[in-house]
Each structure stands twice: as C-alpha cells, then as structure tokens.
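Text of work-v3.txt (compact mmCIF, N, CA and C atoms) as supplied:
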```
# COMPACT_ATOMS: atom_id res chain seq x y z
N MET O 1 -106.06 -54.57 22.85
CA MET O 1 -106.69 -54.07 21.64
C MET O 1 -108.01 -54.82 21.49
N ALA O 2 -109.06 -54.10 21.24
CA ALA O 2 -110.37 -54.71 21.10
C ALA O 2 -110.41 -55.58 19.85
N THR O 3 -111.10 -56.72 19.96
CA THR O 3 -111.14 -57.64 18.81
C THR O 3 -111.90 -57.05 17.64
N ASP O 4 -112.87 -56.15 17.90
CA ASP O 4 -113.60 -55.55 16.79
C ASP O 4 -112.69 -54.68 15.92
N ILE O 5 -111.65 -54.08 16.52
CA ILE O 5 -110.69 -53.29 15.74
C ILE O 5 -109.88 -54.22 14.84
N LYS O 6 -109.52 -55.39 15.33
CA LYS O 6 -108.73 -56.33 14.54
C LYS O 6 -109.48 -56.81 13.31
N GLN O 7 -110.80 -56.81 13.39
CA GLN O 7 -111.62 -57.31 12.28
C GLN O 7 -111.96 -56.24 11.25
N LYS O 8 -111.71 -54.96 11.57
CA LYS O 8 -112.06 -53.87 10.65
C LYS O 8 -110.96 -53.62 9.64
N LYS O 9 -111.35 -53.06 8.51
CA LYS O 9 -110.37 -52.59 7.54
C LYS O 9 -109.79 -51.29 8.07
N ILE O 10 -108.54 -51.01 7.75
CA ILE O 10 -107.90 -49.81 8.25
C ILE O 10 -108.67 -48.56 7.82
N GLY O 11 -109.21 -48.55 6.63
CA GLY O 11 -109.97 -47.40 6.14
C GLY O 11 -111.25 -47.17 6.90
N ASP O 12 -111.75 -48.19 7.62
CA ASP O 12 -112.98 -48.07 8.40
C ASP O 12 -112.73 -47.61 9.83
N LEU O 13 -111.47 -47.53 10.26
CA LEU O 13 -111.16 -47.13 11.63
C LEU O 13 -111.32 -45.63 11.81
N GLU O 14 -111.77 -45.25 12.98
CA GLU O 14 -111.80 -43.83 13.34
C GLU O 14 -110.39 -43.43 13.75
N ALA O 15 -110.13 -42.13 13.79
CA ALA O 15 -108.78 -41.63 14.09
C ALA O 15 -108.26 -42.17 15.42
N GLY O 16 -109.07 -42.14 16.45
CA GLY O 16 -108.64 -42.63 17.76
C GLY O 16 -108.32 -44.11 17.76
N GLN O 17 -109.13 -44.87 17.02
CA GLN O 17 -108.88 -46.32 16.93
C GLN O 17 -107.59 -46.60 16.18
N LEU O 18 -107.34 -45.85 15.12
CA LEU O 18 -106.10 -46.03 14.36
C LEU O 18 -104.89 -45.67 15.22
N LYS O 19 -105.00 -44.58 15.96
CA LYS O 19 -103.90 -44.16 16.83
C LYS O 19 -103.62 -45.23 17.88
N GLU O 20 -104.67 -45.78 18.48
CA GLU O 20 -104.52 -46.84 19.48
C GLU O 20 -103.88 -48.08 18.86
N PHE O 21 -104.34 -48.46 17.68
CA PHE O 21 -103.81 -49.62 16.98
C PHE O 21 -102.32 -49.45 16.70
N LEU O 22 -101.94 -48.29 16.16
CA LEU O 22 -100.54 -48.05 15.82
C LEU O 22 -99.65 -48.02 17.05
N SER O 23 -100.12 -47.41 18.14
CA SER O 23 -99.30 -47.36 19.35
C SER O 23 -99.13 -48.76 19.94
N GLU O 24 -100.15 -49.60 19.86
CA GLU O 24 -100.03 -50.96 20.36
C GLU O 24 -99.13 -51.82 19.49
N CYS O 25 -98.97 -51.43 18.23
CA CYS O 25 -98.06 -52.15 17.33
C CYS O 25 -96.62 -51.67 17.48
N GLY O 26 -96.40 -50.65 18.32
CA GLY O 26 -95.05 -50.18 18.58
C GLY O 26 -94.65 -48.94 17.81
N PHE O 27 -95.56 -48.36 17.03
CA PHE O 27 -95.24 -47.13 16.31
C PHE O 27 -95.31 -45.96 17.27
N GLN O 28 -94.37 -45.01 17.09
CA GLN O 28 -94.35 -43.82 17.92
C GLN O 28 -94.37 -42.58 17.05
N ARG O 29 -94.87 -41.50 17.60
CA ARG O 29 -94.91 -40.23 16.88
C ARG O 29 -93.49 -39.69 16.77
N VAL O 30 -93.11 -39.24 15.59
CA VAL O 30 -91.78 -38.67 15.37
C VAL O 30 -91.85 -37.19 15.72
N GLU O 31 -90.94 -36.78 16.55
CA GLU O 31 -90.91 -35.38 16.99
C GLU O 31 -90.25 -34.51 15.93
N GLU O 32 -90.74 -33.29 15.79
CA GLU O 32 -90.14 -32.32 14.87
C GLU O 32 -88.74 -31.95 15.35
N GLN O 33 -88.64 -31.63 16.65
CA GLN O 33 -87.36 -31.30 17.23
C GLN O 33 -87.12 -32.25 18.39
N LYS O 34 -85.88 -32.61 18.58
CA LYS O 34 -85.56 -33.55 19.65
C LYS O 34 -84.43 -32.97 20.47
N GLU O 35 -84.57 -33.04 21.78
CA GLU O 35 -83.53 -32.52 22.66
C GLU O 35 -82.71 -33.70 23.18
N ILE O 36 -81.42 -33.63 22.98
CA ILE O 36 -80.51 -34.66 23.47
C ILE O 36 -79.51 -33.94 24.36
N GLY O 37 -79.55 -34.28 25.63
CA GLY O 37 -78.72 -33.55 26.59
C GLY O 37 -79.25 -32.13 26.66
N ASN O 38 -78.40 -31.16 26.41
CA ASN O 38 -78.83 -29.76 26.42
C ASN O 38 -78.86 -29.19 25.00
N ARG O 39 -78.81 -30.06 23.99
CA ARG O 39 -78.80 -29.63 22.59
C ARG O 39 -80.10 -30.04 21.91
N THR O 40 -80.59 -29.18 21.02
CA THR O 40 -81.81 -29.47 20.29
C THR O 40 -81.46 -29.74 18.83
N PHE O 41 -82.09 -30.77 18.25
CA PHE O 41 -81.83 -31.18 16.89
C PHE O 41 -83.12 -31.20 16.09
N VAL O 42 -82.99 -30.93 14.79
CA VAL O 42 -84.09 -31.20 13.86
C VAL O 42 -83.63 -32.35 12.98
N ARG O 43 -84.60 -33.06 12.42
CA ARG O 43 -84.27 -34.25 11.66
C ARG O 43 -84.51 -34.02 10.17
N GLY O 44 -83.51 -34.30 9.38
CA GLY O 44 -83.64 -34.34 7.94
C GLY O 44 -83.74 -33.00 7.23
N ILE O 45 -83.90 -33.10 5.92
CA ILE O 45 -84.04 -31.91 5.08
C ILE O 45 -85.31 -31.17 5.44
N LYS O 46 -86.38 -31.91 5.75
CA LYS O 46 -87.64 -31.26 6.15
C LYS O 46 -87.45 -30.43 7.41
N GLY O 47 -86.63 -30.88 8.32
CA GLY O 47 -86.33 -30.11 9.54
C GLY O 47 -85.64 -28.80 9.20
N ILE O 48 -84.70 -28.84 8.25
CA ILE O 48 -84.01 -27.62 7.82
C ILE O 48 -85.00 -26.69 7.12
N GLU O 49 -85.88 -27.27 6.29
CA GLU O 49 -86.90 -26.47 5.59
C GLU O 49 -87.75 -25.69 6.59
N LYS O 50 -88.22 -26.39 7.64
CA LYS O 50 -89.08 -25.74 8.63
C LYS O 50 -88.31 -24.75 9.49
N LEU O 51 -87.08 -25.08 9.85
CA LEU O 51 -86.28 -24.22 10.71
C LEU O 51 -86.00 -22.87 10.05
N PHE O 52 -85.68 -22.89 8.76
CA PHE O 52 -85.32 -21.66 8.06
C PHE O 52 -86.41 -21.15 7.12
N GLY O 53 -87.48 -21.92 6.94
CA GLY O 53 -88.56 -21.51 6.05
C GLY O 53 -88.12 -21.42 4.60
N VAL O 54 -87.41 -22.45 4.14
CA VAL O 54 -86.89 -22.46 2.78
C VAL O 54 -87.41 -23.67 2.01
N SER O 55 -87.18 -23.68 0.71
CA SER O 55 -87.61 -24.80 -0.14
C SER O 55 -86.70 -26.01 0.08
N HIS O 56 -87.12 -27.13 -0.48
CA HIS O 56 -86.34 -28.37 -0.37
C HIS O 56 -84.95 -28.19 -1.00
N ALA O 57 -84.90 -27.60 -2.19
CA ALA O 57 -83.62 -27.42 -2.88
C ALA O 57 -82.68 -26.51 -2.08
N THR O 58 -83.23 -25.45 -1.51
CA THR O 58 -82.41 -24.52 -0.71
C THR O 58 -81.93 -25.21 0.56
N ALA O 59 -82.79 -26.00 1.19
CA ALA O 59 -82.40 -26.73 2.40
C ALA O 59 -81.25 -27.70 2.09
N GLN O 60 -81.33 -28.37 0.96
CA GLN O 60 -80.27 -29.29 0.56
C GLN O 60 -78.95 -28.53 0.34
N ARG O 61 -79.04 -27.38 -0.30
CA ARG O 61 -77.85 -26.56 -0.53
C ARG O 61 -77.25 -26.08 0.79
N LEU O 62 -78.10 -25.63 1.71
CA LEU O 62 -77.62 -25.17 3.02
C LEU O 62 -76.94 -26.31 3.78
N LYS O 63 -77.54 -27.50 3.75
CA LYS O 63 -76.98 -28.66 4.44
C LYS O 63 -75.56 -28.96 3.96
N ASN O 64 -75.36 -28.82 2.66
CA ASN O 64 -74.06 -29.16 2.07
C ASN O 64 -73.05 -28.02 2.12
N SER O 65 -73.47 -26.82 2.52
CA SER O 65 -72.53 -25.70 2.53
C SER O 65 -72.49 -25.04 3.91
N VAL O 66 -73.33 -24.08 4.13
CA VAL O 66 -73.31 -23.27 5.35
C VAL O 66 -73.49 -24.10 6.61
N LEU O 67 -74.38 -25.07 6.58
CA LEU O 67 -74.71 -25.85 7.78
C LEU O 67 -73.88 -27.12 7.93
N LYS O 68 -72.85 -27.27 7.11
CA LYS O 68 -72.06 -28.50 7.10
C LYS O 68 -71.52 -28.86 8.49
N ASP O 69 -71.05 -27.88 9.25
CA ASP O 69 -70.48 -28.15 10.57
C ASP O 69 -71.54 -28.44 11.64
N ALA O 70 -72.81 -28.15 11.36
CA ALA O 70 -73.90 -28.40 12.31
C ALA O 70 -74.67 -29.66 11.94
N THR O 71 -74.27 -30.32 10.85
CA THR O 71 -75.01 -31.47 10.33
C THR O 71 -74.28 -32.76 10.63
N TYR O 72 -75.03 -33.73 11.14
CA TYR O 72 -74.50 -35.06 11.42
C TYR O 72 -75.30 -36.04 10.58
N GLN O 73 -74.61 -36.84 9.76
CA GLN O 73 -75.31 -37.77 8.90
C GLN O 73 -74.71 -39.16 9.04
N GLN O 74 -75.59 -40.13 9.24
CA GLN O 74 -75.21 -41.54 9.31
C GLN O 74 -76.13 -42.26 8.33
N GLY O 75 -75.60 -42.65 7.19
CA GLY O 75 -76.43 -43.26 6.15
C GLY O 75 -77.43 -42.24 5.65
N ARG O 76 -78.72 -42.57 5.75
CA ARG O 76 -79.77 -41.67 5.29
C ARG O 76 -80.34 -40.80 6.40
N THR O 77 -79.84 -40.99 7.63
CA THR O 77 -80.34 -40.23 8.77
C THR O 77 -79.53 -38.95 8.92
N ILE O 78 -80.24 -37.83 8.98
CA ILE O 78 -79.60 -36.52 9.10
C ILE O 78 -80.12 -35.84 10.36
N LEU O 79 -79.22 -35.36 11.20
CA LEU O 79 -79.56 -34.55 12.36
C LEU O 79 -78.84 -33.23 12.24
N VAL O 80 -79.54 -32.14 12.57
CA VAL O 80 -78.94 -30.81 12.51
C VAL O 80 -79.07 -30.17 13.88
N ASP O 81 -77.94 -29.75 14.46
CA ASP O 81 -77.91 -29.04 15.73
C ASP O 81 -78.48 -27.64 15.50
N VAL O 82 -79.65 -27.37 16.11
CA VAL O 82 -80.38 -26.12 15.84
C VAL O 82 -79.56 -24.89 16.23
N GLU O 83 -79.01 -24.88 17.43
CA GLU O 83 -78.25 -23.70 17.90
C GLU O 83 -77.05 -23.42 17.01
N GLU O 84 -76.30 -24.47 16.68
CA GLU O 84 -75.12 -24.31 15.81
C GLU O 84 -75.53 -23.88 14.41
N ALA O 85 -76.63 -24.44 13.89
CA ALA O 85 -77.11 -24.08 12.55
C ALA O 85 -77.50 -22.61 12.50
N LEU O 86 -78.20 -22.14 13.52
CA LEU O 86 -78.60 -20.72 13.57
C LEU O 86 -77.37 -19.81 13.65
N ARG O 87 -76.37 -20.24 14.44
CA ARG O 87 -75.14 -19.45 14.55
C ARG O 87 -74.41 -19.38 13.21
N LEU O 88 -74.26 -20.54 12.56
CA LEU O 88 -73.57 -20.58 11.27
C LEU O 88 -74.32 -19.78 10.21
N PHE O 89 -75.63 -19.90 10.19
CA PHE O 89 -76.46 -19.18 9.22
C PHE O 89 -76.33 -17.68 9.46
N GLY O 90 -76.30 -17.26 10.72
CA GLY O 90 -76.13 -15.86 11.07
C GLY O 90 -74.78 -15.33 10.63
N ASN O 91 -73.72 -16.13 10.82
CA ASN O 91 -72.38 -15.72 10.40
C ASN O 91 -72.31 -15.58 8.88
N LYS O 92 -72.98 -16.45 8.15
CA LYS O 92 -72.99 -16.37 6.69
C LYS O 92 -73.67 -15.10 6.23
N ASN O 93 -74.77 -14.74 6.89
CA ASN O 93 -75.50 -13.52 6.53
C ASN O 93 -74.72 -12.26 6.90
N ASP O 94 -73.90 -12.31 7.95
CA ASP O 94 -73.09 -11.15 8.34
C ASP O 94 -72.02 -10.84 7.30
N LYS O 95 -71.52 -11.84 6.59
CA LYS O 95 -70.46 -11.65 5.61
C LYS O 95 -70.98 -11.02 4.32
N SER O 96 -72.29 -11.16 4.06
CA SER O 96 -72.86 -10.65 2.80
C SER O 96 -72.87 -9.15 2.77
```
Represent the structure of the file as structure tokens.
Amino acid sequence: MATDIKQKKIGDLEAGQLKEFLSECGFQRVEEQKEIGNRTFVRGIKGIEKLFGVSHATAQRLKNSVLKDATYQQGRTILVDVEEALRLFGNKNDKS
C-alpha cells in the first residue's frame, strides 16, 4: 500500500484507492448469490427481496412461512436455497 494513501483522509481517496485499501485490509466483496457445491444461495432478507422482487415486510413473511423449509438460519445469518425457495413459492401459488 502506498504511503501517500495511508496519510490521506478516507473522504479524499479516489474509488480505486479506497478499493485497494479495503482489499489490503482483508475486506472482501459480498456476493449477492453464492454457490456451494451444486446449490445456489442468497443471503438474508435482502436476498429474498431481490429474488422475488418484494418488499422487506413481505420477504420477512415469506421467510417465516412459505420459504421456511428452504431457509437456514444460524444466529443473525440467513441463507436461502434459491432452487428450493422457487419450488416452494411455485407450489404455494399453485394452491391459490
């Protein structure tokens, strides 16, 4: 890391310099979807919001009802199996 970057205020850094600084500090970009083995997951309520194009409140309701079997939660970390969530959501819509 260049010493001139260490001496600057964060607000004075250009985007590339900030990105370089953060990566050297060990920060990594969080992926929207993550593939583990042959399964794809989205992370959190925001992942459900983007997957189904719904509001935060609706995503929370879906997580606790229709998507319950596709949701894995450990503490505050939530992972949703995309394929299973789409299947469960489709089955719910077929019953209506």
Next item on the list: In Å, rounded to a single decimal, give me how far CA of Arg43 in chain O is from CA of Glu24 in chain O.
Entry: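 Value for the CA of Glu24 in chain O-CA of Arg43 in chain O distance: 24.6 Å.
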Tell me which protein, DNA and RNA residues are within 7 Å of Gln60 in chain O, counting only C-alpha atoms, leaving out same-chain ones fewer than 4 positions away, and put them as an mmCIF file with N, CA and C atoms, keeping the file's coordinate frame.
```
data_model
loop_
_atom_site.group_PDB
_atom_site.id
_atom_site.type_symbol
_atom_site.label_atom_id
_atom_site.label_comp_id
_atom_site.auth_asym_id
_atom_site.auth_seq_id
_atom_site.Cartn_x
_atom_site.Cartn_y
_atom_site.Cartn_z
ATOM 1 N N ILE O 45 -83.900 -33.100 5.920
ATOM 2 C CA ILE O 45 -84.040 -31.910 5.080
ATOM 3 C C ILE O 45 -85.310 -31.170 5.440
ATOM 4 N N HIS O 56 -87.120 -27.130 -0.480
ATOM 5 C CA HIS O 56 -86.340 -28.370 -0.370
ATOM 6 C C HIS O 56 -84.950 -28.190 -1.000
ATOM 7 N N ASN O 64 -75.360 -28.820 2.660
ATOM 8 C CA ASN O 64 -74.060 -29.160 2.070
ATOM 9 C C ASN O 64 -73.050 -28.020 2.120
#
```
Let me have the centre and edge lengths of the axis-aligned box enclosing all listed atoms of range 53-67 of chain O with 4 Å padding on every side, in Å to one decimal, as lines of an AutoDock Vina configuration file.
```
center_x = -80.5
center_y = -25.4
center_z = 2.5
size_x = 24.1
size_y = 15.9
size_z = 18.8
```
Need the shell around Glu83 in chain O: protein/DNA/RNA residues with any atom at most 10 Å away, counting only C-alpha atoms. Skip same-chain ones fewer than 2 positions apart. Format as an mmCIF file with N, CA and C atoms, in the frame of the given file?
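Result saved to result-v8.cif:
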```cif
data_model
loop_
_atom_site.group_PDB
_atom_site.id
_atom_site.type_symbol
_atom_site.label_atom_id
_atom_site.label_comp_id
_atom_site.auth_asym_id
_atom_site.auth_seq_id
_atom_site.Cartn_x
_atom_site.Cartn_y
_atom_site.Cartn_z
ATOM 1 N N ARG O 39 -78.810 -30.060 23.990
ATOM 2 C CA ARG O 39 -78.800 -29.630 22.590
ATOM 3 C C ARG O 39 -80.100 -30.040 21.910
ATOM 4 N N THR O 40 -80.590 -29.180 21.020
ATOM 5 C CA THR O 40 -81.810 -29.470 20.290
ATOM 6 C C THR O 40 -81.460 -29.740 18.830
ATOM 7 N N PHE O 41 -82.090 -30.770 18.250
ATOM 8 C CA PHE O 41 -81.830 -31.180 16.890
ATOM 9 C C PHE O 41 -83.120 -31.200 16.090
ATOM 10 N N ALA O 70 -72.810 -28.150 11.360
ATOM 11 C CA ALA O 70 -73.900 -28.400 12.310
ATOM 12 C C ALA O 70 -74.670 -29.660 11.940
ATOM 13 N N VAL O 80 -79.540 -32.140 12.570
ATOM 14 C CA VAL O 80 -78.940 -30.810 12.510
ATOM 15 C C VAL O 80 -79.070 -30.170 13.880
ATOM 16 N N ASP O 81 -77.940 -29.750 14.460
ATOM 17 C CA ASP O 81 -77.910 -29.040 15.730
ATOM 18 C C ASP O 81 -78.480 -27.640 15.500
ATOM 19 N N ALA O 85 -76.630 -24.440 13.890
ATOM 20 C CA ALA O 85 -77.110 -24.080 12.550
ATOM 21 C C ALA O 85 -77.500 -22.610 12.500
ATOM 22 N N LEU O 86 -78.200 -22.140 13.520
ATOM 23 C CA LEU O 86 -78.600 -20.720 13.570
ATOM 24 C C LEU O 86 -77.370 -19.810 13.650
ATOM 25 N N ARG O 87 -76.370 -20.240 14.440
ATOM 26 C CA ARG O 87 -75.140 -19.450 14.550
ATOM 27 C C ARG O 87 -74.410 -19.380 13.210
ATOM 28 N N LEU O 88 -74.260 -20.540 12.560
ATOM 29 C CA LEU O 88 -73.570 -20.580 11.270
ATOM 30 C C LEU O 88 -74.320 -19.780 10.210
ATOM 31 N N PHE O 89 -75.630 -19.900 10.190
ATOM 32 C CA PHE O 89 -76.460 -19.180 9.220
ATOM 33 C C PHE O 89 -76.330 -17.680 9.460
#
```
Item checked: Which of range 11-93 of chain O DSSP labels strand (DSSP E or B), written as number ranges by chain -> O: 33-36, 39-43, 71-74, 77-81
